[in-house]
file entry09.txt (compact mmCIF, C-alpha atoms and all ligand atoms)
# COMPACT_ATOMS: atom_id res chain seq x y z
CA MET Q 69 20.74 -22.94 8.46
CA SER Q 70 18.25 -20.85 10.39
CA VAL Q 71 16.32 -22.61 13.14
CA ILE Q 72 13.19 -20.65 12.25
CA GLU Q 73 12.69 -19.05 8.87
CA ALA Q 74 9.60 -17.11 7.84
CA LYS Q 75 9.23 -15.99 4.23
CA GLY Q 76 6.26 -13.85 3.26
CA VAL Q 77 4.03 -15.35 5.96
CA ASN Q 78 0.44 -14.11 5.93
CA LEU Q 79 -2.35 -15.26 8.19
CA THR Q 80 -5.91 -14.02 7.89
CA PHE Q 81 -8.65 -15.11 10.29
CA GLN Q 82 -12.13 -15.13 8.79
CA THR Q 83 -14.47 -13.75 11.43
CA ARG Q 84 -18.15 -12.80 11.45
CA ASP Q 85 -17.07 -9.16 11.26
CA GLY Q 86 -14.88 -9.82 8.22
CA PRO Q 87 -11.25 -10.85 7.73
CA VAL Q 88 -8.64 -10.07 10.42
CA HIS Q 89 -5.12 -9.75 9.04
CA ALA Q 90 -3.25 -11.15 12.03
CA LEU Q 91 0.06 -11.49 10.12
CA LYS Q 92 1.07 -9.64 6.99
CA ASP Q 93 4.17 -10.45 4.98
CA VAL Q 94 6.26 -11.61 7.92
CA ASN Q 95 9.91 -12.28 7.05
CA LEU Q 96 12.28 -13.36 9.79
CA SER Q 97 15.30 -15.58 10.42
CA ILE Q 98 16.08 -16.92 13.87
CA GLU Q 99 19.50 -18.53 14.25
CA LYS Q 100 20.47 -21.34 16.60
CA GLY Q 101 21.04 -20.05 20.12
CA ASP Q 102 19.26 -16.73 19.49
CA PHE Q 103 17.03 -15.25 22.17
CA VAL Q 104 14.37 -13.40 20.20
CA SER Q 105 11.70 -11.24 21.82
CA PHE Q 106 8.51 -10.17 20.09
CA ILE Q 107 7.13 -6.89 21.34
CA GLY Q 108 4.20 -4.76 20.20
CA PRO Q 109 0.76 -3.53 21.22
CA SER Q 110 -2.16 -5.84 21.82
CA GLY Q 111 -3.44 -7.50 18.67
CA CYS Q 112 -0.27 -7.12 16.58
CA GLY Q 113 0.00 -10.87 16.05
CA LYS Q 114 2.71 -11.87 18.55
CA THR Q 115 0.79 -14.86 19.90
CA THR Q 116 -0.43 -15.78 16.42
CA PHE Q 117 3.14 -15.90 15.12
CA LEU Q 118 4.28 -18.04 18.06
CA ARG Q 119 1.29 -20.35 17.56
CA THR Q 120 2.13 -20.60 13.87
CA MET Q 121 5.67 -21.70 14.73
CA ALA Q 122 4.15 -24.34 17.01
CA ALA Q 123 1.79 -25.59 14.26
CA LEU Q 124 -1.22 -24.42 16.28
CA GLU Q 125 -2.17 -22.06 13.42
CA THR Q 126 -1.53 -22.44 9.68
CA PRO Q 127 -0.36 -19.53 7.50
CA SER Q 128 -2.77 -18.47 4.76
CA SER Q 129 0.26 -18.03 2.49
CA GLY Q 130 4.04 -17.90 2.68
CA VAL Q 131 6.54 -20.40 4.04
CA LEU Q 132 7.51 -21.04 7.64
CA SER Q 133 10.14 -23.62 8.50
CA VAL Q 134 11.31 -24.88 11.86
CA ASN Q 135 14.62 -26.80 11.86
CA GLY Q 136 14.23 -27.04 8.08
CA MET Q 137 10.86 -28.78 8.42
CA THR Q 138 7.23 -27.68 8.35
CA PRO Q 139 6.00 -26.63 11.81
CA ASP Q 140 3.87 -29.76 11.90
CA GLN Q 141 6.81 -32.07 11.16
CA ALA Q 142 8.84 -30.18 13.78
CA ARG Q 143 6.06 -30.68 16.32
CA GLN Q 144 5.98 -34.40 15.63
CA ARG Q 145 9.74 -34.52 16.21
CA ARG Q 146 9.31 -32.59 19.46
CA ALA Q 147 11.44 -29.70 18.23
CA TYR Q 148 9.98 -27.24 20.72
CA GLY Q 149 8.53 -26.78 24.16
CA TYR Q 150 5.78 -24.17 24.68
CA VAL Q 151 5.34 -22.05 27.80
CA PHE Q 152 2.01 -20.26 28.21
CA GLN Q 153 1.18 -17.08 30.10
CA ALA Q 154 -0.51 -19.06 32.89
CA PRO Q 155 1.41 -22.00 34.37
CA GLY Q 156 -1.51 -24.39 33.69
CA LEU Q 157 -0.47 -26.99 36.26
CA TYR Q 158 -3.00 -29.63 37.36
CA PRO Q 159 -3.79 -28.98 41.05
CA TRP Q 160 -4.22 -32.69 41.84
CA ARG Q 161 -0.77 -33.63 40.55
CA THR Q 162 2.49 -32.89 42.33
CA ILE Q 163 5.01 -30.65 40.57
CA SER Q 164 7.04 -33.70 39.52
CA ARG Q 165 3.96 -35.45 38.15
CA ASN Q 166 2.88 -32.31 36.31
CA ILE Q 167 6.28 -32.13 34.63
CA ALA Q 168 6.14 -35.86 33.87
CA LEU Q 169 2.69 -35.67 32.22
CA PRO Q 170 3.81 -34.79 28.65
CA LEU Q 171 6.53 -37.44 28.99
CA GLU Q 172 3.89 -40.02 29.96
CA ILE Q 173 1.79 -39.03 26.95
CA MET Q 174 4.86 -39.30 24.70
CA GLY Q 175 5.56 -42.79 26.05
CA PHE Q 176 8.86 -42.25 27.90
CA SER Q 177 9.69 -45.09 30.31
CA LYS Q 178 9.21 -44.53 34.05
CA ALA Q 179 12.96 -44.54 34.74
CA ASP Q 180 13.59 -42.07 31.91
CA ARG Q 181 10.76 -39.83 33.17
CA GLN Q 182 12.18 -39.78 36.68
CA GLN Q 183 15.64 -38.90 35.42
CA ARG Q 184 14.34 -36.13 33.16
CA VAL Q 185 12.10 -34.63 35.84
CA ALA Q 186 15.01 -34.55 38.30
CA ARG Q 187 17.26 -32.84 35.74
CA VAL Q 188 14.80 -30.09 34.79
CA LEU Q 189 13.75 -29.48 38.40
CA ASP Q 190 17.43 -28.87 39.10
CA LEU Q 191 17.71 -26.53 36.07
CA VAL Q 192 14.90 -24.30 37.36
CA GLU Q 193 16.06 -24.66 40.99
CA LEU Q 194 12.96 -26.44 42.24
CA SER Q 195 14.59 -29.73 43.26
CA ALA Q 196 13.20 -29.46 46.78
CA PHE Q 197 9.63 -28.92 45.54
CA GLY Q 198 8.95 -31.88 43.25
CA GLY Q 199 6.67 -33.49 45.84
CA LYS Q 200 4.62 -30.35 46.48
CA PHE Q 201 1.31 -29.48 44.84
CA PRO Q 202 1.04 -26.35 42.64
CA TRP Q 203 -1.03 -24.46 45.22
CA GLN Q 204 1.81 -24.86 47.73
CA LEU Q 205 4.13 -22.82 45.43
CA SER Q 206 4.28 -19.07 44.69
CA GLY Q 207 3.25 -17.79 41.23
CA GLY Q 208 6.90 -17.41 40.20
CA MET Q 209 7.73 -20.96 41.30
CA GLN Q 210 4.72 -22.29 39.40
CA GLN Q 211 5.90 -20.54 36.27
CA ARG Q 212 9.37 -22.08 36.76
CA ALA Q 213 7.68 -25.47 37.00
CA SER Q 214 5.88 -24.82 33.70
CA ILE Q 215 9.23 -23.94 32.10
CA ALA Q 216 10.66 -27.20 33.49
CA ARG Q 217 7.73 -29.06 31.92
CA ALA Q 218 8.51 -27.48 28.52
CA LEU Q 219 12.20 -28.43 28.89
CA ALA Q 220 11.65 -32.02 30.01
CA PHE Q 221 11.67 -33.64 26.57
CA ASP Q 222 14.81 -31.75 25.60
CA ALA Q 223 13.51 -29.67 22.72
CA ASP Q 224 16.08 -27.34 21.13
CA ILE Q 225 13.56 -24.53 20.85
CA LEU Q 226 11.55 -22.88 23.58
CA LEU Q 227 8.47 -20.84 22.59
CA MET Q 228 7.36 -18.62 25.47
CA ASP Q 229 4.17 -16.54 25.34
CA GLU Q 230 4.45 -13.78 27.93
CA PRO Q 231 5.38 -16.24 30.66
CA PHE Q 232 6.10 -13.60 33.31
CA GLY Q 233 3.36 -11.08 32.44
CA ALA Q 234 1.25 -11.82 35.50
CA LEU Q 235 4.10 -11.61 38.04
CA ASP Q 236 5.25 -8.67 40.14
CA GLU Q 237 8.39 -6.83 39.11
CA ILE Q 238 10.79 -8.28 41.68
CA VAL Q 239 9.79 -11.86 40.90
CA ARG Q 240 9.95 -11.06 37.22
CA ASP Q 241 13.50 -9.71 37.58
CA ARG Q 242 14.55 -12.90 39.32
CA LEU Q 243 12.95 -15.11 36.69
CA ASN Q 244 14.50 -13.03 33.90
CA GLU Q 245 17.94 -13.63 35.46
CA ALA Q 246 17.19 -17.34 35.91
CA LEU Q 247 15.96 -17.67 32.32
CA LEU Q 248 19.10 -16.02 30.94
CA GLU Q 249 21.25 -18.37 32.99
CA LEU Q 250 19.26 -21.37 31.76
CA TRP Q 251 19.56 -20.16 28.15
CA GLN Q 252 23.34 -19.77 28.53
CA LYS Q 253 23.65 -23.20 30.15
CA THR Q 254 21.53 -25.06 27.60
CA GLY Q 255 22.15 -23.14 24.35
CA LYS Q 256 18.45 -23.32 23.45
CA THR Q 257 16.89 -21.07 20.85
CA ILE Q 258 14.18 -19.00 22.53
CA ALA Q 259 11.26 -17.07 21.04
CA PHE Q 260 9.68 -14.93 23.74
CA VAL Q 261 6.59 -12.70 23.66
CA THR Q 262 6.48 -9.70 25.97
CA HIS Q 263 4.85 -6.29 26.46
CA SER Q 264 7.79 -5.00 28.46
CA ILE Q 265 10.59 -2.98 26.84
CA PRO Q 266 13.10 -3.58 29.71
CA GLU Q 267 12.35 -7.31 29.67
CA ALA Q 268 12.85 -7.51 25.89
CA VAL Q 269 16.11 -5.53 26.03
CA TYR Q 270 17.46 -7.42 29.04
CA LEU Q 271 16.82 -10.88 27.60
CA SER Q 272 17.25 -10.69 23.87
CA THR Q 273 19.90 -11.02 21.22
CA LYS Q 274 17.27 -9.80 18.75
CA ILE Q 275 14.16 -7.70 19.36
CA VAL Q 276 11.32 -7.95 16.86
CA VAL Q 277 8.99 -4.96 17.00
CA MET Q 278 5.48 -5.57 15.65
CA SER Q 279 2.54 -3.35 14.83
CA PRO Q 280 -1.20 -4.10 14.48
CA ARG Q 281 -3.87 -3.78 11.76
CA PRO Q 282 -2.46 -5.61 9.92
CA GLY Q 283 -0.07 -7.47 12.24
CA ARG Q 284 3.44 -7.08 10.85
CA ILE Q 285 7.09 -6.70 11.76
CA THR Q 286 8.13 -3.05 11.66
CA ARG Q 287 11.70 -3.37 12.96
CA VAL Q 288 14.23 -6.01 13.94
CA ILE Q 289 16.84 -4.71 16.39
CA ASP Q 290 20.03 -6.70 17.00
CA SER Q 291 21.26 -6.27 20.55
CA SER Q 292 24.74 -4.93 21.17
CA LEU Q 293 24.72 -6.16 24.79
CA PRO Q 294 27.10 -8.97 25.82
CA ARG Q 295 25.52 -12.37 26.55
CA GLU Q 296 26.61 -12.17 30.20
CA ARG Q 297 24.09 -9.76 31.71
CA PRO Q 298 23.96 -8.91 35.39
CA LEU Q 299 20.73 -7.09 36.31
CA ASP Q 300 22.56 -3.77 36.72
CA ILE Q 301 23.37 -3.81 33.00
CA ARG Q 302 20.00 -2.03 32.85
CA ASP Q 303 21.75 1.13 34.08
CA SER Q 304 24.30 1.02 31.25
CA GLU Q 305 24.30 3.47 28.36
CA ASP Q 306 23.92 0.68 25.82
CA PHE Q 307 20.84 -0.67 27.59
CA ILE Q 308 19.21 2.76 27.77
CA ARG Q 309 20.01 3.47 24.11
CA LEU Q 310 18.49 0.13 23.03
CA SER Q 311 15.38 0.78 25.15
CA HIS Q 312 14.92 4.15 23.40
CA GLU Q 313 15.36 2.47 20.04
CA VAL Q 314 12.63 -0.07 20.85
CA ARG Q 315 10.32 2.65 22.19
CA ASP Q 316 10.81 4.77 19.05
CA ALA Q 317 10.09 1.76 16.83
CA LEU Q 318 6.90 1.03 18.81
CA ARG Q 319 5.80 4.66 18.43
CA GLU Q 320 6.45 4.63 14.68
CA GLY Q 321 4.34 1.46 14.39
CA HIS Q 322 1.46 3.24 16.14
CA GLY Q 323 1.59 6.07 13.60
CA ASP Q 324 -0.75 4.16 11.26
CA ASP Q 325 -3.68 4.13 13.71
N1 LIG N 1 -8.68 -17.65 16.49
C1 LIG N 1 -8.87 -16.39 16.09
N2 LIG N 1 -9.95 -16.04 15.37
C2 LIG N 1 -10.13 -14.77 14.94
N3 LIG N 1 -9.29 -13.75 15.20
C3 LIG N 1 -8.20 -14.03 15.93
C4 LIG N 1 -7.92 -15.35 16.41
N4 LIG N 1 -6.75 -15.34 17.12
C5 LIG N 1 -6.33 -14.06 17.07
N5 LIG N 1 -7.17 -13.28 16.35
C6 LIG N 1 -7.00 -11.85 16.05
O1 LIG N 1 -5.75 -11.70 15.42
C7 LIG N 1 -5.10 -10.51 15.86
C8 LIG N 1 -3.75 -10.86 16.47
O2 LIG N 1 -3.98 -11.52 17.72
P1 LIG N 1 -2.80 -12.01 18.68
O3 LIG N 1 -3.43 -12.70 19.84
O4 LIG N 1 -1.81 -12.75 17.89
O5 LIG N 1 -2.17 -10.62 19.13
P2 LIG N 1 -1.08 -10.34 20.28
O6 LIG N 1 -0.11 -9.38 19.69
O7 LIG N 1 -0.55 -11.61 20.81
O8 LIG N 1 -1.98 -9.60 21.35
P3 LIG N 1 -1.86 -9.58 22.98
O9 LIG N 1 -0.65 -8.79 23.27
O10 LIG N 1 -3.13 -8.90 23.39
O11 LIG N 1 -1.77 -11.01 23.42
C9 LIG N 1 -6.06 -9.83 16.81
O12 LIG N 1 -6.80 -8.88 16.10
C10 LIG N 1 -6.95 -10.98 17.29
O13 LIG N 1 -8.23 -10.50 17.63
call {"tool": "encode", "arguments": {"input": "entry09.txt", "output": "structure tokens"}}
result
Amino acid sequence: MSVIEAKGVNLTFQTRDGPVHALKDVNLSIEKGDFVSFIGPSGCGKTTFLRTMAALETPSSGVLSVNGMTPDQARQRRAYGYVFQAPGLYPWRTISRNIALPLEIMGFSKADRQQRVARVLDLVELSAFGGKFPWQLSGGMQQRASIARALAFDADILLMDEPFGALDEIVRDRLNEALLELWQKTGKTIAFVTHSIPEAVYLSTKIVVMSPRPGRITRVIDSSLPRERPLDIRDSEDFIRLSHEVRDALREGHGDD
């Protein structure tokens, strides 16, 4: 069974300037343990599709299932964690207490919260920083803390909306490596939005290329790269070939403009 299955998903926003077709006839299967990147120009519906998976938007037509349930049922069962572009940490709470906040809201006991926070801090290599405040951490560390927060209640699925977009390239490289390691260690299914071709190719088992007006999937590229990926895999022939393939697909999608 697919973890995420979209069949003929359409989503139209009614705006004052008329309807906006954010998603048109989206069909996609994401299998357990996949790392799927969504790439495409601004406005092609990447965020809308991620938000639809998270039950933050409702399709106008079509069927979307998450773990065999409706997105809303999946949300109630805490099937996924969501990582936003900005870390969104409360400045008056320590890193540990920021990570613990959703657990408090969900009613986890104090002992359970402490155990979970310690485990996810270790996963993102921030164990020494739990007692610090967000402003005492670099941007990359803050984003790692927000990933830890999304992992704390042990969801099988991680939805990540351009989490590293605001970071410089060196930090981004390091976080890409760390995220791959975390994915390998935990076996999570990850849906990841990005504007970066190298990031999509480096991270993914499947690259979904989208195009705007209306927002739709124009190509799904299965990666031929092994799951073990040192950073220098980016110099390999396979990596360069895949990058060209993604770039060509993006160009074709732009042809309609
Ligand atoms: N709540 C909303 N109401 C009306 N229109 C919306 C709403 N949310 C998104 N849209 C429109 O839907 C389209 C898809 O937007 P979306 O944010 O999903 O694109 P995106 O591919 O994530 O873009 P970006 O890369 O800039 O984040 C855009 O035309 C956007 O203006």
call {"tool": "axis_aligned_box", "arguments": {"input": "entry09.txt", "around": "ligand LIG 1 (chain N)", "padding_each_side": "4 Å", "output": "AutoDock Vina command-line options"}}
result
--center_x -5.1 --center_y -13.2 --center_z 19.2 --size_x 18.0 --size_y 16.9 --size_z 16.5
call {"tool": "residues_around", "arguments": {"input": "entry09.txt", "residues": "region 202-214 of chain Q", "least_positions_apart": "4", "cutoff": "7 Å", "atoms": "all atoms listed in the file", "output": "ChimeraX atom specification"}}
result
/Q:151,155,157,159,162-163,192,218,235,239
call {"tool": "write_last_selection", "arguments": {"input": "entry09.txt", "atoms": "C-alpha atoms", "output": "mmCIF file, in the frame of the given file"}}
result
data_model
loop_
_atom_site.group_PDB
_atom_site.id
_atom_site.type_symbol
_atom_site.label_atom_id
_atom_site.label_comp_id
_atom_site.auth_asym_id
_atom_site.auth_seq_id
_atom_site.Cartn_x
_atom_site.Cartn_y
_atom_site.Cartn_z
ATOM 1 C CA VAL Q 151 5.340 -22.050 27.800
ATOM 2 C CA PRO Q 155 1.410 -22.000 34.370
ATOM 3 C CA LEU Q 157 -0.470 -26.990 36.260
ATOM 4 C CA PRO Q 159 -3.790 -28.980 41.050
ATOM 5 C CA THR Q 162 2.490 -32.890 42.330
ATOM 6 C CA ILE Q 163 5.010 -30.650 40.570
ATOM 7 C CA VAL Q 192 14.900 -24.300 37.360
ATOM 8 C CA ALA Q 218 8.510 -27.480 28.520
ATOM 9 C CA LEU Q 235 4.100 -11.610 38.040
ATOM 10 C CA VAL Q 239 9.790 -11.860 40.900
#
call {"tool": "closest_atom_pairs", "arguments": {"input": "entry09.txt", "of": "chain Q", "to": "ligand LIG 1 (chain N)", "cutoff": "7 Å", "atoms": "only C-alpha atoms and all ligand atoms", "output": "tab-separated table"}}
result
residue	atom	partner	partner_atom	distance
Q:Phe81	CA	N:LIG1	C2	4.9
Q:Gln82	CA	N:LIG1	C2	6.5
Q:Thr83	CA	N:LIG1	C2	5.7
Q:Val88	CA	N:LIG1	O1	6.0
Q:His89	CA	N:LIG1	O1	6.7
Q:Ala90	CA	N:LIG1	O1	4.2
Q:Gly108	CA	N:LIG1	O6	6.3
Q:Pro109	CA	N:LIG1	O9	5.8
Q:Ser110	CA	N:LIG1	O10	3.6
Q:Gly111	CA	N:LIG1	O5	3.4
Q:Cys112	CA	N:LIG1	O6	3.8
Q:Gly113	CA	N:LIG1	O4	3.2
Q:Lys114	CA	N:LIG1	O6	3.9
Q:Thr115	CA	N:LIG1	O7	3.6
Q:Thr116	CA	N:LIG1	O4	3.6
Q:Phe117	CA	N:LIG1	O4	6.5
Q:His263	CA	N:LIG1	O9	6.8
Q:Gly283	CA	N:LIG1	C8	6.6
call {"tool": "residues_around", "arguments": {"input": "entry09.txt", "residues": "Tyr150 (chain Q)", "least_positions_apart": "4", "cutoff": "9 Å", "atoms": "only C-alpha atoms", "output": "PyMOL selection string"}}
result
chain Q and resi 122+215+217-219+225-229
call {"tool": "closest_residue", "arguments": {"input": "entry09.txt", "among": "Q:Arg315, Q:Lys75, Q:Arg165, Q:Arg119", "to": "Val276 (chain Q)", "atoms": "all atoms listed in the file"}}
result
Q:Arg315
call {"tool": "atom_distance", "arguments": {"input": "entry09.txt", "atom1": "CA of Gly321 (chain Q)", "atom2": "CA of Val288 (chain Q)"}}
result
12.4 Å
call {"tool": "closest_residue", "arguments": {"input": "entry09.txt", "among": "Q:Met137, Q:Thr254, Q:Arg295, Q:Ser264", "to": "Pro231 (chain Q)", "atoms": "all atoms listed in the file"}}
result
Q:Ser264
call {"tool": "residues_around", "arguments": {"input": "entry09.txt", "residues": "Asp224 (chain Q)", "least_positions_apart": "5", "cutoff": "8 Å", "atoms": "only C-alpha atoms", "output": "short mmCIF file (atom, residue, chain, number, x, y, z; two decimals) with C-alpha atoms, in the frame of the given file"}}
result
data_model
loop_
_atom_site.label_atom_id
_atom_site.label_comp_id
_atom_site.auth_asym_id
_atom_site.auth_seq_id
_atom_site.Cartn_x
_atom_site.Cartn_y
_atom_site.Cartn_z
CA ALA Q 147 11.44 -29.70 18.23
CA TYR Q 148 9.98 -27.24 20.72
CA LYS Q 256 18.45 -23.32 23.45
CA THR Q 257 16.89 -21.07 20.85
#
call {"tool": "closest_residue", "arguments": {"input": "entry09.txt", "among": "Q:Ala179, Q:Ile275, Q:Val269, Q:Leu243", "to": "Ile98 (chain Q)", "atoms": "all atoms listed in the file"}}
result
Q:Ile275
call {"tool": "closest_residue", "arguments": {"input": "entry09.txt", "among": "Q:Thr80, Q:Arg146, Q:Lys200, Q:Gly136", "to": "Trp160 (chain Q)", "atoms": "all atoms listed in the file"}}
result
Q:Lys200
call {"tool": "closest_residue", "arguments": {"input": "entry09.txt", "among": "Q:Ala168, Q:Leu271, Q:Leu293, Q:Leu79", "to": "Gln183 (chain Q)", "atoms": "only C-alpha atoms"}}
result
Q:Ala168
call {"tool": "closest_residue", "arguments": {"input": "entry09.txt", "among": "Q:Glu172, Q:Asp290, Q:Asp241, Q:Glu249", "to": "Pro266 (chain Q)", "atoms": "only C-alpha atoms"}}
result
Q:Asp241
call {"tool": "atom_distance", "arguments": {"input": "entry09.txt", "atom1": "CA of Arg240 (chain Q)", "atom2": "CA of Ser279 (chain Q)"}}
result
24.8 Å
call {"tool": "residues_around", "arguments": {"input": "entry09.txt", "residues": "Phe307 (chain Q)", "least_positions_apart": "2", "cutoff": "10 Å", "atoms": "only C-alpha atoms", "output": "list in words"}}
result
Pro266, Val269, Tyr270, Ser291, Ser292, Leu293, Asp300, Ile301, Arg302, Asp303, Ser304, Glu305, Arg309, Leu310, Ser311, His312 and Glu313 of chain Q
call {"tool": "atom_distance", "arguments": {"input": "entry09.txt", "atom1": "CA of Gly255 (chain Q)", "atom2": "CA of Met278 (chain Q)"}}
result
25.7 Å
call {"tool": "residues_around", "arguments": {"input": "entry09.txt", "residues": "Ser70 (chain Q)", "least_positions_apart": "4", "cutoff": "7 Å", "atoms": "all atoms listed in the file", "output": "list in words"}}
result
Ser97, Ile98, Glu99 and Lys100 of chain Q
call {"tool": "write_last_selection", "arguments": {"input": "entry09.txt", "atoms": "C-alpha atoms", "output": "JSON list (two decimals), in the frame of the given file"}}
result
[["chain", "number", "residue", "atom", "x", "y", "z"],
["Q", 97, "SER", "CA", 15.30, -15.58, 10.42],
["Q", 98, "ILE", "CA", 16.08, -16.92, 13.87],
["Q", 99, "GLU", "CA", 19.50, -18.53, 14.25],
["Q", 100, "LYS", "CA", 20.47, -21.34, 16.60]]
